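Novice: Structure supplied as protein12.cif; contents: mmCIF, C-alpha atoms.
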```cif
data_protein
loop_
_atom_site.label_atom_id
_atom_site.label_comp_id
_atom_site.auth_asym_id
_atom_site.auth_seq_id
_atom_site.Cartn_x
_atom_site.Cartn_y
_atom_site.Cartn_z
CA MET A 1158 120.55 143.32 154.77
CA SER A 1159 117.98 146.05 155.24
CA GLY A 1160 116.08 145.77 158.49
CA THR A 1161 118.62 143.44 160.11
CA GLY A 1162 120.65 146.16 161.74
CA VAL A 1163 123.81 144.62 160.28
CA VAL A 1164 126.36 146.99 158.81
CA ALA A 1165 128.05 146.07 155.54
CA VAL A 1166 130.65 147.78 153.41
CA TYR A 1167 129.37 148.42 149.91
CA GLY A 1168 130.84 149.75 146.67
CA ASN A 1169 133.77 148.81 144.48
CA GLY A 1170 137.12 149.67 146.01
CA THR A 1171 135.68 151.42 149.04
CA ILE A 1172 138.11 149.48 151.18
CA THR A 1173 141.14 147.66 149.83
CA GLU A 1174 140.62 143.89 149.94
CA THR A 1175 143.84 141.97 150.55
CA LYS A 1176 144.77 138.34 150.06
CA LYS A 1177 145.54 138.05 153.77
CA SER A 1178 141.92 138.53 154.81
CA PRO A 1179 139.16 140.47 153.02
CA PHE A 1180 138.08 143.56 154.91
CA SER A 1181 134.44 142.49 154.68
CA VAL A 1182 135.32 139.33 156.64
CA LYS A 1183 136.98 141.38 159.37
CA VAL A 1184 133.95 143.66 159.57
CA GLY A 1185 131.72 140.58 159.80
CA LEU A 1186 133.76 139.22 162.71
CA ALA A 1187 133.37 142.52 164.54
CA GLN A 1188 129.61 142.48 163.88
CA MET A 1189 129.37 139.25 165.87
CA LEU A 1190 130.05 141.31 169.01
CA ARG A 1191 127.18 143.78 168.49
CA GLY A 1192 124.96 144.25 171.52
CA GLY A 1193 127.62 142.89 173.86
CA VAL A 1194 130.05 143.92 176.59
CA ILE A 1195 133.82 143.54 176.29
CA MET A 1196 135.65 143.46 179.63
CA ASP A 1197 139.29 144.19 180.49
CA VAL A 1198 140.91 141.32 182.41
CA VAL A 1199 144.41 140.77 183.81
CA THR A 1200 144.21 137.14 184.93
CA PRO A 1201 142.59 133.90 183.71
CA GLU A 1202 140.36 134.00 186.80
CA GLN A 1203 139.02 137.43 185.87
CA ALA A 1204 138.48 136.20 182.32
CA ARG A 1205 136.31 133.35 183.61
CA ILE A 1206 134.33 135.80 185.77
CA ALA A 1207 133.76 137.99 182.70
CA GLU A 1208 132.58 135.04 180.60
CA GLU A 1209 130.22 133.83 183.33
CA ALA A 1210 128.84 137.37 183.63
CA GLY A 1211 127.90 137.27 179.96
CA ALA A 1212 130.72 139.24 178.31
CA CYS A 1213 130.93 138.73 174.55
CA ALA A 1214 134.75 139.06 174.62
CA VAL A 1215 137.61 139.92 176.96
CA MET A 1216 140.57 142.27 176.58
CA ALA A 1217 143.76 140.67 177.94
CA LEU A 1218 145.93 143.21 179.78
CA GLU A 1219 148.82 143.23 182.26
CA ARG A 1220 147.37 146.33 183.95
CA VAL A 1221 143.89 147.81 183.72
CA PRO A 1222 143.84 151.51 182.72
CA ALA A 1223 143.29 152.66 186.33
CA ASP A 1224 146.55 150.96 187.35
CA ILE A 1225 148.37 152.37 184.32
CA ARG A 1226 147.34 155.85 185.48
CA ALA A 1227 148.29 155.18 189.10
CA GLN A 1228 151.63 153.46 188.46
CA GLY A 1229 152.80 155.45 185.46
CA GLY A 1230 155.76 154.29 183.40
CA VAL A 1231 155.70 152.90 179.87
CA ALA A 1232 152.61 150.79 179.08
CA ARG A 1233 153.30 148.11 176.48
CA MET A 1234 151.70 145.03 174.94
CA SER A 1235 150.86 142.31 177.48
CA ASP A 1236 153.12 139.31 178.00
CA PRO A 1237 152.18 136.77 175.28
CA GLN A 1238 152.23 133.99 177.89
CA LEU A 1239 149.53 135.79 179.90
CA ILE A 1240 147.41 136.18 176.76
CA LYS A 1241 147.80 132.46 175.97
CA GLU A 1242 146.68 131.54 179.50
CA ILE A 1243 143.63 133.79 179.22
CA LYS A 1244 142.79 132.26 175.83
CA GLN A 1245 142.92 128.78 177.37
CA ALA A 1246 140.67 129.85 180.25
CA VAL A 1247 137.68 131.03 178.19
CA THR A 1248 135.66 130.11 175.13
CA ILE A 1249 134.77 133.68 174.08
CA PRO A 1250 136.98 135.86 171.80
CA VAL A 1251 140.12 137.35 173.33
CA MET A 1252 141.42 140.80 172.36
CA ALA A 1253 144.77 142.36 173.19
CA LYS A 1254 146.20 145.86 172.94
CA ALA A 1255 149.12 147.05 170.82
CA ARG A 1256 150.72 150.47 171.00
CA ILE A 1257 149.76 152.99 168.33
CA GLY A 1258 152.07 152.52 165.35
CA HIS A 1259 153.79 149.44 166.78
CA PHE A 1260 153.13 146.95 163.98
CA VAL A 1261 155.57 144.39 165.42
CA GLU A 1262 153.49 144.09 168.60
CA ALA A 1263 150.50 143.52 166.33
CA GLN A 1264 152.43 140.85 164.40
CA ILE A 1265 153.20 139.06 167.68
CA LEU A 1266 149.58 139.21 168.80
CA GLU A 1267 148.43 137.80 165.48
CA ALA A 1268 151.04 135.02 165.71
CA ILE A 1269 149.81 133.85 169.13
CA GLY A 1270 146.23 133.73 167.90
CA VAL A 1271 144.35 136.64 169.47
CA ASP A 1272 140.96 137.24 167.90
CA TYR A 1273 141.15 141.06 167.70
CA VAL A 1274 143.88 143.68 168.17
CA ASP A 1275 143.14 147.04 169.79
CA GLU A 1276 145.57 149.73 168.60
CA SER A 1277 145.20 151.68 171.79
CA GLU A 1278 145.97 155.17 173.04
CA VAL A 1279 145.85 153.77 176.59
CA LEU A 1280 149.30 152.28 176.00
CA THR A 1281 152.35 154.48 175.50
CA LEU A 1282 152.70 155.73 171.91
CA ALA A 1283 155.23 153.92 169.73
CA ASP A 1284 154.80 156.26 166.74
CA GLU A 1285 153.75 159.88 167.12
CA GLU A 1286 152.58 160.30 163.54
CA ASN A 1287 151.56 156.96 162.03
CA HIS A 1288 149.06 154.25 162.86
CA ILE A 1289 149.47 150.60 161.87
CA ASN A 1290 148.49 149.64 158.32
CA LYS A 1291 145.82 147.22 159.42
CA HIS A 1292 145.22 145.83 155.92
CA ASN A 1293 148.46 143.88 156.31
CA PHE A 1294 146.91 141.61 158.95
CA ARG A 1295 144.45 138.73 158.85
CA ILE A 1296 142.78 139.59 162.15
CA PRO A 1297 140.42 142.56 162.70
CA PHE A 1298 141.58 145.70 164.48
CA VAL A 1299 139.78 148.00 166.91
CA CYS A 1300 140.68 151.71 167.02
CA GLY A 1301 139.54 154.65 169.11
CA CYS A 1302 138.09 157.95 167.91
CA ARG A 1303 136.87 161.28 169.26
CA ASN A 1304 135.02 162.46 166.17
CA LEU A 1305 133.75 161.33 162.77
CA GLY A 1306 136.85 162.37 160.84
CA GLU A 1307 139.13 160.37 163.11
CA ALA A 1308 136.83 157.34 162.92
CA LEU A 1309 136.82 157.34 159.11
CA ARG A 1310 140.59 157.79 158.91
CA ARG A 1311 141.06 154.73 161.10
CA ILE A 1312 138.59 152.76 158.94
CA ARG A 1313 140.57 153.74 155.84
CA GLU A 1314 143.67 152.30 157.53
CA GLY A 1315 141.80 149.02 158.03
CA ALA A 1316 140.01 149.24 161.40
CA ALA A 1317 137.04 146.84 161.43
CA MET A 1318 135.61 148.22 164.68
CA ILE A 1319 135.56 151.72 166.13
CA ARG A 1320 135.24 152.69 169.79
CA THR A 1321 135.08 156.04 171.50
CA LYS A 1322 138.31 156.92 173.25
CA GLY A 1323 136.70 158.40 176.34
CA GLU A 1324 139.12 158.50 179.27
CA ALA A 1325 139.91 154.93 180.30
CA GLY A 1326 140.60 154.22 183.95
CA THR A 1327 138.78 157.26 185.30
CA GLY A 1328 135.31 155.87 186.01
CA ASN A 1329 134.12 159.16 184.49
CA VAL A 1330 131.93 158.81 181.41
CA ILE A 1331 131.89 162.47 180.34
CA GLU A 1332 134.54 162.16 177.60
CA ALA A 1333 132.95 159.01 176.13
CA VAL A 1334 129.63 160.87 175.96
CA ARG A 1335 131.33 163.83 174.31
CA HIS A 1336 132.93 161.60 171.66
CA VAL A 1337 129.76 159.64 170.89
CA ARG A 1338 127.70 162.82 170.59
CA SER A 1339 130.35 164.30 168.30
CA VAL A 1340 130.30 161.28 165.96
CA MET A 1341 126.52 160.88 165.96
CA GLY A 1342 125.94 164.62 165.60
CA ASP A 1343 128.19 164.81 162.54
CA ILE A 1344 126.42 161.81 161.00
CA ARG A 1345 123.01 163.44 161.51
CA MET A 1346 124.30 166.62 159.90
CA LEU A 1347 125.84 164.64 157.05
CA ARG A 1348 122.58 162.82 156.28
CA ASN A 1349 120.84 166.15 155.68
CA MET A 1350 123.50 167.48 153.32
CA ASP A 1351 123.16 167.77 149.59
CA ASP A 1352 125.54 165.41 147.78
CA ASP A 1353 127.42 168.41 146.39
CA GLU A 1354 128.22 169.55 149.94
CA VAL A 1355 129.84 166.26 150.91
CA PHE A 1356 133.09 167.12 149.10
CA THR A 1357 133.66 170.17 151.28
CA PHE A 1358 132.55 168.35 154.44
CA ALA A 1359 135.00 165.49 153.76
CA LYS A 1360 137.78 168.02 153.32
CA LYS A 1361 136.76 169.81 156.52
CA ILE A 1362 136.91 166.67 158.68
CA ALA A 1363 140.00 165.34 156.81
CA ALA A 1364 138.32 162.04 155.91
CA PRO A 1365 138.22 160.02 152.65
CA TYR A 1366 135.35 161.22 150.46
CA ASP A 1367 134.12 157.71 149.59
CA LEU A 1368 133.81 156.73 153.24
CA VAL A 1369 132.07 160.01 154.08
CA MET A 1370 129.55 159.39 151.30
CA GLN A 1371 129.07 155.81 152.43
CA THR A 1372 128.40 157.01 155.98
CA LYS A 1373 125.83 159.44 154.63
CA GLN A 1374 124.06 156.66 152.71
CA LEU A 1375 124.10 154.21 155.64
CA GLY A 1376 123.17 156.80 158.26
CA ARG A 1377 125.87 155.41 160.55
CA LEU A 1378 129.53 154.36 160.52
CA PRO A 1379 130.39 151.63 157.99
CA VAL A 1380 131.67 149.43 160.85
CA VAL A 1381 130.55 148.49 164.37
CA GLN A 1382 130.85 151.32 166.90
CA PHE A 1383 131.37 150.57 170.61
CA ALA A 1384 131.66 152.94 173.56
CA ALA A 1385 134.70 152.92 175.83
CA GLY A 1386 136.42 155.02 178.43
CA GLY A 1387 134.92 155.68 181.86
CA VAL A 1388 131.92 153.29 181.82
CA ALA A 1389 131.52 152.19 185.46
CA THR A 1390 127.81 151.56 186.15
CA PRO A 1391 124.84 149.89 184.44
CA ALA A 1392 123.40 153.36 183.89
CA ASP A 1393 126.61 154.45 182.11
CA ALA A 1394 126.41 151.42 179.81
CA ALA A 1395 122.73 151.99 179.00
CA LEU A 1396 123.43 155.67 178.34
CA MET A 1397 126.02 154.80 175.70
CA MET A 1398 123.64 152.35 174.05
CA GLN A 1399 120.81 154.88 173.96
CA LEU A 1400 123.17 157.39 172.38
CA GLY A 1401 123.58 154.99 169.45
CA CYS A 1402 126.51 152.66 170.23
CA ASP A 1403 126.51 148.97 169.27
CA GLY A 1404 128.11 147.76 172.49
CA VAL A 1405 130.34 148.74 175.41
CA PHE A 1406 133.92 148.22 176.58
CA VAL A 1407 134.27 148.09 180.37
CA GLY A 1408 137.71 148.13 181.95
CA SER A 1409 138.51 149.30 185.44
CA GLY A 1410 134.81 149.88 186.14
CA VAL A 1411 134.22 146.18 186.87
CA PHE A 1412 137.33 144.82 188.55
CA LYS A 1413 138.07 147.99 190.52
CA SER A 1414 134.58 147.92 192.07
CA GLY A 1415 133.47 146.41 195.36
CA ASP A 1416 131.77 143.37 193.78
CA PRO A 1417 133.09 142.64 190.26
CA VAL A 1418 130.86 139.59 189.74
CA LYS A 1419 127.61 141.45 190.46
CA ARG A 1420 128.64 144.59 188.62
CA GLY A 1421 129.79 142.69 185.56
CA ARG A 1422 126.46 140.86 185.29
CA ALA A 1423 124.52 144.07 185.87
CA ILE A 1424 126.36 145.91 183.09
CA VAL A 1425 125.73 143.04 180.66
CA GLN A 1426 122.03 143.14 181.54
CA ALA A 1427 121.99 146.92 181.17
CA VAL A 1428 123.40 146.69 177.65
CA THR A 1429 120.83 144.04 176.71
CA HIS A 1430 117.87 145.94 178.20
CA TYR A 1431 119.20 149.48 177.73
CA SER A 1432 115.82 150.96 176.84
CA ASP A 1433 113.89 149.46 179.80
CA PRO A 1434 114.20 151.73 182.89
CA GLU A 1435 112.55 149.15 185.18
CA VAL A 1436 115.14 146.49 184.36
CA LEU A 1437 117.91 149.08 184.67
CA ALA A 1438 116.66 150.07 188.11
CA GLU A 1439 116.52 146.43 189.21
CA VAL A 1440 120.02 145.51 188.04
CA SER A 1441 121.49 148.69 189.57
CA CYS A 1442 120.47 147.70 193.11
CA GLY A 1443 122.92 146.24 195.64
CA LEU A 1444 126.04 146.30 193.48
CA GLY A 1445 128.38 147.43 196.22
CA GLU A 1446 130.80 150.31 195.91
CA ALA A 1447 131.63 151.56 192.42
CA MET A 1448 135.24 152.27 191.49
CA VAL A 1449 136.64 155.53 192.80
CA GLY A 1450 136.55 157.84 189.80
CA LEU A 1451 138.77 160.73 188.74
CA ASN A 1452 137.70 164.33 188.23
CA LEU A 1453 138.76 165.26 184.71
CA ASN A 1454 138.75 168.95 185.65
CA ASP A 1455 141.89 168.21 187.67
CA LYS A 1456 144.82 169.32 185.50
CA LYS A 1457 147.01 166.64 187.07
CA VAL A 1458 144.92 163.86 185.47
CA GLU A 1459 146.62 162.58 182.32
CA ARG A 1460 144.41 162.62 179.22
CA PHE A 1461 145.01 159.40 177.24
CA ALA A 1462 142.58 160.36 174.48
CA ARG A 1463 144.37 163.59 173.65
CA VAL A 1464 147.98 162.38 173.56
CA PHE A 1465 148.19 161.39 169.89
CA SER A 1466 146.26 164.46 168.74
CA ASP A 1467 148.32 166.85 170.86
CA VAL A 1468 151.54 165.55 169.34
CA ALA A 1469 150.12 165.90 165.82
CA VAL A 1470 148.91 169.44 166.52
CA PHE A 1471 152.29 170.42 167.96
CA LYS A 1472 154.12 169.11 164.90
CA SER A 1473 151.70 170.92 162.59
CA ILE A 1474 152.23 174.20 164.42
CA GLN A 1475 155.99 173.61 164.43
CA LYS A 1476 155.94 173.07 160.65
CA HIS A 1477 153.83 176.18 160.12
CA LEU A 1478 156.16 178.33 162.23
CA ALA A 1479 159.15 177.11 160.23
CA THR A 1480 157.38 178.11 157.00
CA LEU A 1481 156.42 181.45 158.50
CA CYS A 1482 159.99 182.22 159.58
CA SER A 1483 161.29 181.36 156.11
CA LYS A 1484 158.84 183.80 154.53
CA ILE A 1485 159.77 186.55 156.97
CA LEU A 1486 163.47 186.11 156.29
CA PHE A 1487 162.87 186.01 152.53
CA ASP A 1488 160.77 189.20 152.56
CA LEU A 1489 163.18 191.06 154.85
CA GLU A 1490 166.11 190.15 152.63
CA ALA A 1491 164.19 191.27 149.54
CA LEU A 1492 163.17 194.49 151.29
CA THR A 1493 166.67 195.43 152.42
CA SER A 1494 168.14 194.66 149.02
CA GLY A 1495 165.60 196.91 147.32
CA LEU A 1496 164.01 194.07 145.36
CA ALA A 1497 160.67 194.35 147.15
CA THR A 1498 158.33 196.86 148.76
CA PRO A 1499 156.71 196.70 152.21
CA ASP A 1500 153.59 195.30 150.54
CA MET A 1501 155.44 192.01 150.14
CA LEU A 1502 155.37 191.56 153.92
CA LYS A 1503 151.63 191.01 153.70
CA ASN A 1504 152.37 187.64 152.11
CA VAL A 1505 153.82 186.48 155.40
CA TRP A 1506 150.36 186.36 156.93
CA ALA A 1507 148.80 184.48 154.00
CA CYS A 1508 150.10 181.21 155.45
CA LYS A 1509 147.67 179.70 157.95
CA PRO A 1510 148.20 176.50 159.97
CA THR A 1511 146.16 173.44 159.09
CA LEU A 1512 145.62 171.43 162.27
CA PRO A 1513 144.58 167.75 162.36
#
```
Output the structure of this file as structure tokens.

Specialist:
Amino acid sequence: MSGTGVVAVYGNGTITETKKSPFSVKVGLAQMLRGGVIMDVVTPEQARIAEEAGACAVMALERVPADIRAQGGVARMSDPQLIKEIKQAVTIPVMAKARIGHFVEAQILEAIGVDYVDESEVLTLADEENHINKHNFRIPFVCGCRNLGEALRRIREGAAMIRTKGEAGTGNVIEAVRHVRSVMGDIRMLRNMDDDEVFTFAKKIAAPYDLVMQTKQLGRLPVVQFAAGGVATPADAALMMQLGCDGVFVGSGVFKSGDPVKRGRAIVQAVTHYSDPEVLAEVSCGLGEAMVGLNLNDKKVERFARVFSDVAVFKSIQKHLATLCSKILFDLEALTSGLATPDMLKNVWACKPTLP
């Protein structure tokens, strides 16, 4: 496959192959979307607009991320009837979102015949600590990441496509850029490492060693990597492609703009011709008003991408503090009973938190 630009998973036992559907098949299905644009839609009419604009797939939702932010409340899997109607309206693949850790929502989505499941941080968390075991499903999964370690952990769980988390529904691409640069920067650093250093690096980013080594050998992630979260203009889409992504998710940026039809087509063209400034300039003209974005420096803006991590960090700190308190009580009891000296109190500070 050298020279084709196609990513494949190599090695014996790198990823567990199940009878339900081999992981290599799922990865191959995701590869079919490379170089394309995936658009969020909430009605069959929007799905048809996306297909006519040239989208390679659509994401069926009840509310686009901008509306989830504005309306609040609990965001769940879309109504299966809506997803079925969208599937009937288009000929391109249809994706749908499930809450993180909610494997029953994923089972339902698989049962109604969606082509891909996105285990998404945009929806309200169902499980604060665990993601879905994606090897238990026939269909491929998409998962978000903010860095290389998170991407490889999701791949170990069975994700056949990775996307940046960004900040969906903001029209602000800064977080997506941050996440892509983090992943690509770590991969560049990894490629220049001696093989002996990979063990420590894998431990540092909390990722499986075999996948870290495979990433080093390939010079990229072992699966397709898309950009998502805040893409609102053709220039945003081309930026993500030039940074090294294989394609782009566009949500609120299209259907919250002044002219969704024009903007959708322009973003598809921008992804196709991302390295040609003249084409980019041409397709960026006369698109109407872009969606009203959000300033992420505003503390009132909810950060979807950080929710799962913040919970995990809090629990890790909580666990560490419990251990610390136990040591303090143990040492104080030993000290007062005459079984220990003050030097034992130094052991209290030997325990350091390990954050995800």

Novice: What gap, in Å, lies between CA of Ala1187 (chain A) and CA of Lys1361 (chain A)?

Specialist: 28.6 Å

Novice: I need the output of the PyMOL selection byres ((chain A and resi 1337) around 10) for this file as a VMD selection string; which residues are they?

Specialist: chain A and resid 1302 to 1305 1320 to 1323 1332 to 1336 1338 to 1343 1382 to 1385 1397 1400 to 1402

Novice: Give me, as JSON lines, each residue of region 1246-1323 of chain A that comes within 10 Å of region 1211-1217 of chain A, together with its shortest interatomic pair and the distance in Å at one decimal, counting all atoms listed in the file, with rows ordered by chain and rising residue number.

Specialist:
```
{"residue": "A:Val1247", "atom": "CA", "partner": "A:Val1215", "partner_atom": "CA", "distance": 9.0}
{"residue": "A:Thr1248", "atom": "CA", "partner": "A:Ala1214", "partner_atom": "CA", "distance": 9.0}
{"residue": "A:Ile1249", "atom": "CA", "partner": "A:Ala1214", "partner_atom": "CA", "distance": 5.4}
{"residue": "A:Pro1250", "atom": "CA", "partner": "A:Ala1214", "partner_atom": "CA", "distance": 4.8}
{"residue": "A:Val1251", "atom": "CA", "partner": "A:Val1215", "partner_atom": "CA", "distance": 5.1}
{"residue": "A:Met1252", "atom": "CA", "partner": "A:Met1216", "partner_atom": "CA", "distance": 4.5}
{"residue": "A:Ala1253", "atom": "CA", "partner": "A:Ala1217", "partner_atom": "CA", "distance": 5.1}
{"residue": "A:Lys1254", "atom": "CA", "partner": "A:Met1216", "partner_atom": "CA", "distance": 7.6}
{"residue": "A:Val1271", "atom": "CA", "partner": "A:Ala1217", "partner_atom": "CA", "distance": 9.4}
{"residue": "A:Asp1272", "atom": "CA", "partner": "A:Ala1214", "partner_atom": "CA", "distance": 9.3}
{"residue": "A:Tyr1273", "atom": "CA", "partner": "A:Met1216", "partner_atom": "CA", "distance": 9.0}
{"residue": "A:Val1274", "atom": "CA", "partner": "A:Met1216", "partner_atom": "CA", "distance": 9.1}
{"residue": "A:Asp1275", "atom": "CA", "partner": "A:Met1216", "partner_atom": "CA", "distance": 8.7}
```

Novice: Quick one: everything within 7 Å of Lys1183 (chain A), counting all atoms listed in the file, minus sequence neighbours fewer than 5 positions away in the same chain. Send it as a list in words.

Specialist: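 Returned residues: Ile1296, Pro1297 and Ala1317 of chain A.
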
Novice: Taking the file as shown, what set of residues would the PyMOL selection byres ((chain A and resi 1221) around 8) give back, as number ranges by chain?

Specialist: A: 1197-1199, 1218-1220, 1222-1225, 1326, 1408-1409

Novice: Store the residues picked out above in a file with C-alpha atoms, as an mmCIF file, keeping the file's coordinate frame.

Specialist:
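So result_38.cif came out as:
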```cif
data_model
loop_
_atom_site.group_PDB
_atom_site.id
_atom_site.type_symbol
_atom_site.label_atom_id
_atom_site.label_comp_id
_atom_site.auth_asym_id
_atom_site.auth_seq_id
_atom_site.Cartn_x
_atom_site.Cartn_y
_atom_site.Cartn_z
ATOM 1 C CA ASP A 1197 139.290 144.190 180.490
ATOM 2 C CA VAL A 1198 140.910 141.320 182.410
ATOM 3 C CA VAL A 1199 144.410 140.770 183.810
ATOM 4 C CA LEU A 1218 145.930 143.210 179.780
ATOM 5 C CA GLU A 1219 148.820 143.230 182.260
ATOM 6 C CA ARG A 1220 147.370 146.330 183.950
ATOM 7 C CA PRO A 1222 143.840 151.510 182.720
ATOM 8 C CA ALA A 1223 143.290 152.660 186.330
ATOM 9 C CA ASP A 1224 146.550 150.960 187.350
ATOM 10 C CA ILE A 1225 148.370 152.370 184.320
ATOM 11 C CA GLY A 1326 140.600 154.220 183.950
ATOM 12 C CA GLY A 1408 137.710 148.130 181.950
ATOM 13 C CA SER A 1409 138.510 149.300 185.440
#
```

Novice: In Å to one decimal, how far is CA of Arg1377 (chain A) from CA of Ile1319 (chain A)?

Specialist: 11.8 Å

Novice: Work out how far apart CA of Ala1227 (chain A) and CA of His1259 (chain A) are and give it in Å to one decimal.

Specialist: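 Pair CA of Ala1227 (chain A) / CA of His1259 (chain A) returns 23.7 Å.
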
Novice: Around the point (131.6, 145.8, 157.5) in the file's coordinates, collect all residues with an atom within 8 Å, using all atoms listed in the file, and return them as number ranges by chain.

Specialist: A: 1164-1166, 1180-1185, 1187-1188, 1317, 1379-1381

Novice: Restricting the calculation to only C-alpha atoms: of A:Arg1313, A:Lys1244, A:Arg1233, A:Lys1419, which residue gets closest to Thr1200 (chain A)?

Specialist: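 Of A:Arg1313, A:Lys1244, A:Arg1233, A:Lys1419, the one nearest Thr1200 (chain A) is A:Lys1244, counting only C-alpha atoms.
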
Novice: For Gly1443 (chain A), which residue out of A:Gly1328, A:Gly1387, A:Gly1230, A:Gly1415 is the nearest one, using all atoms listed in the file?

Specialist: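 Among the listed residues, A:Gly1415 lies closest to Gly1443 (chain A).
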
Novice: Taking all atoms listed in the file into account, name the residue in A:Arg1295, A:His1288, A:Arg1226, A:Arg1191 that is nearest to Arg1311 (chain A).

Specialist: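 Using all atoms listed in the file, Arg1311 (chain A) sits closest to A:His1288.
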
Novice: So, with only C-alpha atoms as the atoms that count, which of A:Ile1312, A:Met1196, A:Ala1438, A:Ala1246 lies closest to Leu1368 (chain A)?

Specialist: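 Ranked by minimum distance to Leu1368 (chain A), first place goes to A:Ile1312.
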
Novice: Check which residues satisfy the PyMOL selection byres ((chain A and resi 1358) around 12) in the file shown, then give them as a list in words.

Specialist: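 Output of the PyMOL selection byres ((chain A and resi 1358) around 12): Leu1305, Gly1306, Asp1343, Ile1344, Met1346, Leu1347, Arg1348, Asn1349, Met1350, Asp1351, Asp1352, Asp1353, Glu1354, Val1355, Phe1356, Thr1357, Ala1359, Lys1360, Lys1361, Ile1362, Ala1363, Ala1364, Pro1365, Tyr1366, Asp1367, Leu1368, Val1369, Met1370 and Lys1373 of chain A.
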
Novice: As lines of an AutoDock Vina configuration file, please: the centre and edge lengths in Å, to one decimal, of an axis-aligned box enclosing every listed atom of region 1242-1260 of chain A with 6 Å added on each side.

Specialist:
```
center_x = 144.3
center_y = 140.9
center_z = 172.1
size_x = 31.0
size_y = 36.2
size_z = 28.3
```

Novice: List the residues sitting within 12 Å of (153.8, 139.4, 165.6) in the file's frame, using all atoms listed in the file, as a PyMOL selection string.

Specialist: chain A and resi 1234+1237+1255+1259-1271+1274+1293-1296

Novice: Using C-alpha atoms, can you write the selected residues to a file as an mmCIF file, in the frame of the given file?

Specialist:
```cif
data_model
loop_
_atom_site.group_PDB
_atom_site.id
_atom_site.type_symbol
_atom_site.label_atom_id
_atom_site.label_comp_id
_atom_site.auth_asym_id
_atom_site.auth_seq_id
_atom_site.Cartn_x
_atom_site.Cartn_y
_atom_site.Cartn_z
ATOM 1 C CA MET A 1234 151.700 145.030 174.940
ATOM 2 C CA PRO A 1237 152.180 136.770 175.280
ATOM 3 C CA ALA A 1255 149.120 147.050 170.820
ATOM 4 C CA HIS A 1259 153.790 149.440 166.780
ATOM 5 C CA PHE A 1260 153.130 146.950 163.980
ATOM 6 C CA VAL A 1261 155.570 144.390 165.420
ATOM 7 C CA GLU A 1262 153.490 144.090 168.600
ATOM 8 C CA ALA A 1263 150.500 143.520 166.330
ATOM 9 C CA GLN A 1264 152.430 140.850 164.400
ATOM 10 C CA ILE A 1265 153.200 139.060 167.680
ATOM 11 C CA LEU A 1266 149.580 139.210 168.800
ATOM 12 C CA GLU A 1267 148.430 137.800 165.480
ATOM 13 C CA ALA A 1268 151.040 135.020 165.710
ATOM 14 C CA ILE A 1269 149.810 133.850 169.130
ATOM 15 C CA GLY A 1270 146.230 133.730 167.900
ATOM 16 C CA VAL A 1271 144.350 136.640 169.470
ATOM 17 C CA VAL A 1274 143.880 143.680 168.170
ATOM 18 C CA ASN A 1293 148.460 143.880 156.310
ATOM 19 C CA PHE A 1294 146.910 141.610 158.950
ATOM 20 C CA ARG A 1295 144.450 138.730 158.850
ATOM 21 C CA ILE A 1296 142.780 139.590 162.150
#
```

Novice: Counting all atoms listed in the file, which residue out of A:Ala1316, A:Val1330, A:Leu1282, A:Val1428 sits closest to Ala1389 (chain A)?

Specialist: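 Smallest separation from Ala1389 (chain A) among the options: A:Val1330.
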